[in-house]
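**Q** Shown below is the structure under consideration.
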Amino acid sequence: MNWNLFVTELVAGITHGSVYALIALGYSMVYGILKLLNFAHGDVYMVGAFIGYGLITVFGGAEALSINIVLLLVLMFVCAMLGGGLLGVMIERFAYRRLRAAPRIAPLITALGVSFFLENAAQLVLGAQFQSYNSFGWKGGELWTKGFTLPAQVHVGIAQVIVVVGAVVLMVFLTVFVQRTQTGKAMRATSFDREAAAMMGIDVDRVIVVTFFIGSALAGAAGVFNGIAYQQVWPYMGFQAGLFAFIAAVIGGIGNLPGAVLGGLTIGLAESFAIGYLSSTFQAAIVFAILIVVLIVRPSGLLGRAAVQKV
Amino acid sequence: MDGGRDINPIPARPDEEQIPKVGVDSWVASHEGRVQRSRFLREFDRVPRPAFYAGFAVLAAILPALTSDEYIIRVGFDTLLYMLLALGLNIVVGYAGLLDLGYVAFYGFGAYGYAMLASPKFGLHWDTLAVIPVVMICSALLGFLVALPSRRLVGDYLAIVTLFFGQLFVTVYQNGNRISFLGITKGYDVTGGPNGIPNVDNWDLGGFKIGSVKGYYYAALIVFVLALACIYLIDTSRTGRAWKSLREDPLAAEMMGMPVNRLKLIAFAVGAAIAGLAGTLFAALNTAVFSADFDVPTLIIVYSMLILGGAGSIGGVILGALVVNVSLEVLRTPGHATWIFYVVLAATLLAKLRPWRVLAVVGAGTIGLGYAFHAIMSSAWPRSTRGTSTVGGWLGNGLDGWNLHPTNPMMIGNIAFVILVLAVLALTTLRGWSRWLAMIPTLYLAAFVWDNRLVVEPSITRLILIGVILIVLMNARPQGLLGTSRVEIV
């Protein structure tokens, strides 16, 4: 057995899976509370990635960075998360809020419209071409040359460590927030039963805004992580990533936060092993097959509990 | 109801037909009778629907006689094709209430199916009369298979499975030039990959070959009318009523003994078959198929047609496809696009701004602001007025003195676009006079962005507008232009 290939794909899968998991968390949170497939979530991720790219450009471009890398990374994350969060809140306020009581299909189609609008507005303003974070070139490439070596001679760069550790830190923060704070409790209550939560005095509007902010901020951070590990950003990057992340959320059990992380890692690993062992073009087919199998065998997802519908 | 109070007797509409109302209770069913309508609209409603469809077909049939311009006939063909697509989607979304986001994959399946069976690719040159049934049946089976795993699940799962299926379709067809089994066998070329399948045959109906755009126009018209007739009959049939009850309340429908799963699958398969049929026409006229034609933008365009016209209404589908496709076509020429923009803007303001004082203030304010701003900027920063409008004639001359046209508007236009989006969003939160006053600079900004940025990028602008149409319609008038609004009792 070729251990080198196996470990390489394992590392790549975990890295990519962390990015998917972060996007899937936001998807899952919004779905849990509003029962809305927020197709625009992937485009928030795209905007986050472009905010990071804009900062690199402002500070002299990848080859000639004028500031410390750590400072740059912190700035990128703060700005991308704030920008993504604000965008998410605006989308909720102006596109979805009026449709809370509408038939299910109306907000879905609106979400498609928002996604389509954001993608094409980004293409108008930022241009259709691919841009690159080029993190290989930052200060002589220390982000990739430094690092450590795993068994079977697989080198892991700091960039990949940043992605995985950063994602884990954000997930821990999210878990603590949802489990331990007053607002987190309100979010869980709203997700369980919106009307009952409102009757218990929870400000549902505020909870929904907070949910959108946090979920979208995670997507913005995921955009920067993706840029650091995989370099390329372009206006249509959000659609496919959002789709995969949503499937990750469904596989893990929608509305279930650990499930979203598990689903994200599953998708990331499946994709990278498919690329390594089968074919580099049909990883989408593998993911689709996993989705279908999960939907048939465990419709409520790997970690989700079967919903009992009271009529 | 609180039994004590008397409710005024419902005024029955004299011409109200005694047709069964699906999925609604008596109060909602008689809602239309309580709506005040003008005499004209009442008379209009009395004309049976098929008369409208026949009238439309006659008008469409004489179009080629009025013009010899190939381009116009080509646009007519595209519009008919979109109508056919929207008609099929209407069955799935409008009647059965299922969100099918993989719809264009069936369209692509039909197009590729036709291209494989009637082109030099595999040396097959089947008769079109044989290809069409094969393609339609295969599309229907494919639709059946796609809907199968999600039949028990809520609509959202169906949406995600179909959306992913659509994406998968594009990927497979794009890379279908080296399909091999798990990397063991050598790669076979099935779909031509990114090059698509070229040199597709023309339609050959048992020896009768169609070779001109006009011929395809009539073929599309005949196919469309046949499909319309079938769908009209299905609409008023037992199955059609069952679909609508499913849309209104799946649970109640199941309680009434309807085979919910089977109905969903049938709706899906029928929609897919119609999309496949449309695909064969598309492949034959374009003489080549590429996977990029069956990607998300096409899906969103078909959806916007359905939503604009009003999901669930056949007339709405026809109107929606006509409006969307013709406007998208007009947007391609910057000169026409500018005209359309200002005419639509003026018409919207005339229709929506009441009372007339508001209209006068906003109109005069916008025009005055433009001239004042133009005068200031031309002395302060001459470069900002040196460019010219994309439209000629008196409108262009007027715009050159009113609107700013910088010589290199790319950067400032992009910034203005972002500000415009924010300004429009802010405008929706204002009320009263502050809204009308804030509207003046927003309108001027919109004109600036349109003239300098949007009109020079027609291919992106049309997609942005489609997105805006979907968002605004869903928020303001979810029933579309011709749909009837739903009345719900809480």
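We name chains A, B, ... following the order of the structure tokens; residues begin at 1 in each chain, and ligands are numbered from 1 as shown.
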With a cut-off of 9 Å, could you pull out the residues of chain A touching chain B and give me the nearest pair of atoms for each, distance in Å to one decimal, using only C-alpha atoms, ordered by chain and ascending number, as JSON lines?

**A**
{"residue": "A:Lys35", "atom": "CA", "partner": "B:Asp156", "partner_atom": "CA", "distance": 8.7}
{"residue": "A:Leu36", "atom": "CA", "partner": "B:Asp156", "partner_atom": "CA", "distance": 8.2}
{"residue": "A:Leu37", "atom": "CA", "partner": "B:Asp156", "partner_atom": "CA", "distance": 7.1}
{"residue": "A:Met90", "atom": "CA", "partner": "B:Leu425", "partner_atom": "CA", "distance": 8.8}
{"residue": "A:Phe94", "atom": "CA", "partner": "B:Leu425", "partner_atom": "CA", "distance": 7.0}
{"residue": "A:Ala95", "atom": "CA", "partner": "B:Ile471", "partner_atom": "CA", "distance": 6.6}
{"residue": "A:Tyr96", "atom": "CA", "partner": "B:Asn475", "partner_atom": "CA", "distance": 8.2}
{"residue": "A:Arg98", "atom": "CA", "partner": "B:Asn475", "partner_atom": "CA", "distance": 6.6}
{"residue": "A:Leu99", "atom": "CA", "partner": "B:Asn475", "partner_atom": "CA", "distance": 6.7}
{"residue": "A:Ala102", "atom": "CA", "partner": "B:Pro478", "partner_atom": "CA", "distance": 8.8}
{"residue": "A:Arg104", "atom": "CA", "partner": "B:Gly155", "partner_atom": "CA", "distance": 8.6}
{"residue": "A:Ile105", "atom": "CA", "partner": "B:Leu99", "partner_atom": "CA", "distance": 7.1}
{"residue": "A:Ala106", "atom": "CA", "partner": "B:Met474", "partner_atom": "CA", "distance": 6.0}
{"residue": "A:Pro107", "atom": "CA", "partner": "B:Met474", "partner_atom": "CA", "distance": 7.5}
{"residue": "A:Leu108", "atom": "CA", "partner": "B:Asp156", "partner_atom": "CA", "distance": 8.6}
{"residue": "A:Ile109", "atom": "CA", "partner": "B:Leu470", "partner_atom": "CA", "distance": 6.9}
{"residue": "A:Thr110", "atom": "CA", "partner": "B:Ile471", "partner_atom": "CA", "distance": 4.8}
{"residue": "A:Ala111", "atom": "CA", "partner": "B:Ile471", "partner_atom": "CA", "distance": 7.8}
{"residue": "A:Leu112", "atom": "CA", "partner": "B:Gly467", "partner_atom": "CA", "distance": 7.7}
{"residue": "A:Gly113", "atom": "CA", "partner": "B:Gly467", "partner_atom": "CA", "distance": 4.3}
{"residue": "A:Val114", "atom": "CA", "partner": "B:Gly467", "partner_atom": "CA", "distance": 6.2}
{"residue": "A:Ser115", "atom": "CA", "partner": "B:Gly467", "partner_atom": "CA", "distance": 7.7}
{"residue": "A:Phe116", "atom": "CA", "partner": "B:Gly467", "partner_atom": "CA", "distance": 5.4}
{"residue": "A:Phe117", "atom": "CA", "partner": "B:Gly467", "partner_atom": "CA", "distance": 4.7}
{"residue": "A:Leu118", "atom": "CA", "partner": "B:Ile464", "partner_atom": "CA", "distance": 8.1}
{"residue": "A:Glu119", "atom": "CA", "partner": "B:Ile464", "partner_atom": "CA", "distance": 8.4}
{"residue": "A:Asn120", "atom": "CA", "partner": "B:Ile464", "partner_atom": "CA", "distance": 5.7}
{"residue": "A:Ala121", "atom": "CA", "partner": "B:Ile464", "partner_atom": "CA", "distance": 6.4}
{"residue": "A:Gln123", "atom": "CA", "partner": "B:Ile460", "partner_atom": "CA", "distance": 7.5}
{"residue": "A:Leu124", "atom": "CA", "partner": "B:Ile460", "partner_atom": "CA", "distance": 6.6}
{"residue": "A:Val125", "atom": "CA", "partner": "B:Asn414", "partner_atom": "CA", "distance": 5.2}
{"residue": "A:Leu126", "atom": "CA", "partner": "B:Asn414", "partner_atom": "CA", "distance": 8.4}
{"residue": "A:Gln240", "atom": "CA", "partner": "B:Gln167", "partner_atom": "CA", "distance": 8.4}
{"residue": "A:Leu243", "atom": "CA", "partner": "B:Phe164", "partner_atom": "CA", "distance": 7.2}
{"residue": "A:Phe244", "atom": "CA", "partner": "B:Phe164", "partner_atom": "CA", "distance": 8.6}
{"residue": "A:Phe246", "atom": "CA", "partner": "B:Ile160", "partner_atom": "CA", "distance": 8.1}
{"residue": "A:Ile247", "atom": "CA", "partner": "B:Ile160", "partner_atom": "CA", "distance": 7.7}
{"residue": "A:Val250", "atom": "CA", "partner": "B:Tyr157", "partner_atom": "CA", "distance": 8.4}
{"residue": "A:Tyr277", "atom": "CA", "partner": "B:Leu182", "partner_atom": "CA", "distance": 8.8}
{"residue": "A:Leu278", "atom": "CA", "partner": "B:Leu182", "partner_atom": "CA", "distance": 5.8}
{"residue": "A:Ser279", "atom": "CA", "partner": "B:Gly183", "partner_atom": "CA", "distance": 7.0}
{"residue": "A:Thr281", "atom": "CA", "partner": "B:Asn175", "partner_atom": "CA", "distance": 6.9}
{"residue": "A:Phe282", "atom": "CA", "partner": "B:Val172", "partner_atom": "CA", "distance": 7.3}
{"residue": "A:Ala284", "atom": "CA", "partner": "B:Leu168", "partner_atom": "CA", "distance": 6.3}
{"residue": "A:Ala285", "atom": "CA", "partner": "B:Leu168", "partner_atom": "CA", "distance": 6.4}
{"residue": "A:Phe288", "atom": "CA", "partner": "B:Phe164", "partner_atom": "CA", "distance": 7.1}
{"residue": "A:Leu291", "atom": "CA", "partner": "B:Val161", "partner_atom": "CA", "distance": 8.1}
{"residue": "A:Ile292", "atom": "CA", "partner": "B:Pro149", "partner_atom": "CA", "distance": 6.7}
{"residue": "A:Val293", "atom": "CA", "partner": "B:Pro149", "partner_atom": "CA", "distance": 8.7}
{"residue": "A:Leu295", "atom": "CA", "partner": "B:Pro149", "partner_atom": "CA", "distance": 6.9}
{"residue": "A:Ile296", "atom": "CA", "partner": "B:Pro149", "partner_atom": "CA", "distance": 6.2}
{"residue": "A:Pro299", "atom": "CA", "partner": "B:Leu153", "partner_atom": "CA", "distance": 7.7}
{"residue": "A:Val311", "atom": "CA", "partner": "B:Leu251", "partner_atom": "CA", "distance": 8.6}

**Q** Would you pick out the contacts of B:Tyr232 at 12 Å or less, using only C-alpha atoms, so that residues sharing its chain but fewer than 5 positions from it are not included, and give the list as number ranges by chain?

**A** B: 49-50, 53, 87-88, 90-91, 95, 224-227, 237, 239-241, 312-315

**Q** Identify which of the residues A:Ala217, A:Val74, A:Val89, A:Val156 lies closest to A:Val11, counting only C-alpha atoms when measuring atom-to-atom distances.

**A**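 The answer is A:Val156, which sits nearest to A:Val11.
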
**Q** Running DSSP on the backbone, which parts of stretch 93-257 of chain A land in helix (DSSP H, G or I), as a PyMOL selection string?

**A** chain A and resi 93-99+105-126+135-145+158-180+182-192+194-199+204-230+237-252+257

**Q** Need the shell around B:Leu221: protein/DNA/RNA residues with any atom at most 9 Å away, counting only C-alpha atoms. Skip same-chain ones fewer than 5 positions apart. Format as JSON, numbers by chain?

**A** {"B": [57, 60, 61, 77, 80, 81, 216, 226]}

**Q** Would you list the contacts of B:Arg238 as a list in words, taking every protein, DNA or RNA residue within 12 Å and counting only C-alpha atoms, but skipping same-chain residues closer than 4 positions in sequence?

**A**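 Near B:Arg238, the qualifying residues are Pro20, Val22, Leu233, Ile234, Ala242, Trp243, Lys244, Ser245, Met258 and Leu263 of chain B.
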
**Q** Need the shell around B:Pro120: protein/DNA/RNA residues with any atom at most 10 Å away, counting only C-alpha atoms. Skip same-chain ones fewer than 2 positions apart. Format as a PyMOL selection string?

**A** chain B and resi 115-118+122-125+197-201

**Q** If you keep N, CA and C atoms, can you produce a file of those selected residues as a PDB file, in the first residue's frame?

**A**
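Output (out.pdb):
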ATOM      1  N   ALA B 115     -28.650  14.582 -29.972  1.00  0.00           N
ATOM      2  CA  ALA B 115     -27.362  14.729 -30.657  1.00  0.00           C
ATOM      3  C   ALA B 115     -26.674  13.378 -30.815  1.00  0.00           C
ATOM      4  N   MET B 116     -26.843  12.489 -29.854  1.00  0.00           N
ATOM      5  CA  MET B 116     -26.174  11.187 -29.977  1.00  0.00           C
ATOM      6  C   MET B 116     -26.866  10.301 -31.004  1.00  0.00           C
ATOM      7  N   LEU B 117     -28.194  10.442 -31.086  1.00  0.00           N
ATOM      8  CA  LEU B 117     -28.934   9.558 -31.988  1.00  0.00           C
ATOM      9  C   LEU B 117     -29.019  10.115 -33.402  1.00  0.00           C
ATOM     10  N   ALA B 118     -28.655  11.369 -33.601  1.00  0.00           N
ATOM     11  CA  ALA B 118     -28.780  11.953 -34.934  1.00  0.00           C
ATOM     12  C   ALA B 118     -27.595  12.860 -35.244  1.00  0.00           C
ATOM     13  N   PHE B 122     -21.796   8.962 -33.398  1.00  0.00           N
ATOM     14  CA  PHE B 122     -21.776   7.495 -33.358  1.00  0.00           C
ATOM     15  C   PHE B 122     -22.257   6.931 -34.691  1.00  0.00           C
ATOM     16  N   GLY B 123     -22.325   7.795 -35.703  1.00  0.00           N
ATOM     17  CA  GLY B 123     -22.783   7.341 -37.009  1.00  0.00           C
ATOM     18  C   GLY B 123     -24.262   7.010 -37.053  1.00  0.00           C
ATOM     19  N   LEU B 124     -25.020   7.477 -36.056  1.00  0.00           N
ATOM     20  CA  LEU B 124     -26.456   7.200 -36.047  1.00  0.00           C
ATOM     21  C   LEU B 124     -27.196   8.379 -36.667  1.00  0.00           C
ATOM     22  N   HIS B 125     -28.163   8.101 -37.490  1.00  0.00           N
ATOM     23  CA  HIS B 125     -28.983   9.179 -38.060  1.00  0.00           C
ATOM     24  C   HIS B 125     -30.433   8.750 -38.011  1.00  0.00           C
ATOM     25  N   ILE B 197     -21.018  18.046 -28.847  1.00  0.00           N
ATOM     26  CA  ILE B 197     -21.236  17.206 -30.030  1.00  0.00           C
ATOM     27  C   ILE B 197     -21.608  18.127 -31.189  1.00  0.00           C
ATOM     28  N   PRO B 198     -20.752  18.240 -32.187  1.00  0.00           N
ATOM     29  CA  PRO B 198     -21.053  19.128 -33.315  1.00  0.00           C
ATOM     30  C   PRO B 198     -21.803  18.398 -34.426  1.00  0.00           C
ATOM     31  N   ASN B 199     -22.158  19.144 -35.474  1.00  0.00           N
ATOM     32  CA  ASN B 199     -22.778  18.600 -36.692  1.00  0.00           C
ATOM     33  C   ASN B 199     -24.011  17.761 -36.421  1.00  0.00           C
ATOM     34  N   VAL B 200     -24.868  18.237 -35.540  1.00  0.00           N
ATOM     35  CA  VAL B 200     -26.105  17.505 -35.266  1.00  0.00           C
ATOM     36  C   VAL B 200     -27.048  17.655 -36.464  1.00  0.00           C
ATOM     37  N   ASP B 201     -27.738  16.564 -36.806  1.00  0.00           N
ATOM     38  CA  ASP B 201     -28.648  16.600 -37.959  1.00  0.00           C
ATOM     39  C   ASP B 201     -29.812  17.544 -37.721  1.00  0.00           C
TER      40      ASP B 201
END

**Q** Contacts of B:Val223 at 9 Å or less, counting only C-alpha atoms, minus same-chain residues fewer than 6 places along, as JSON, numbers by chain?

**A** {"B": [84, 277, 278]}

**Q** Go ahead and compute the interatomic distance for atom CA of A:Ser18 and atom CA of A:Val210, in Å to one decimal.

**A**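 About the pair atom CA of A:Ser18 and atom CA of A:Val210: they are 22.6 Å apart.
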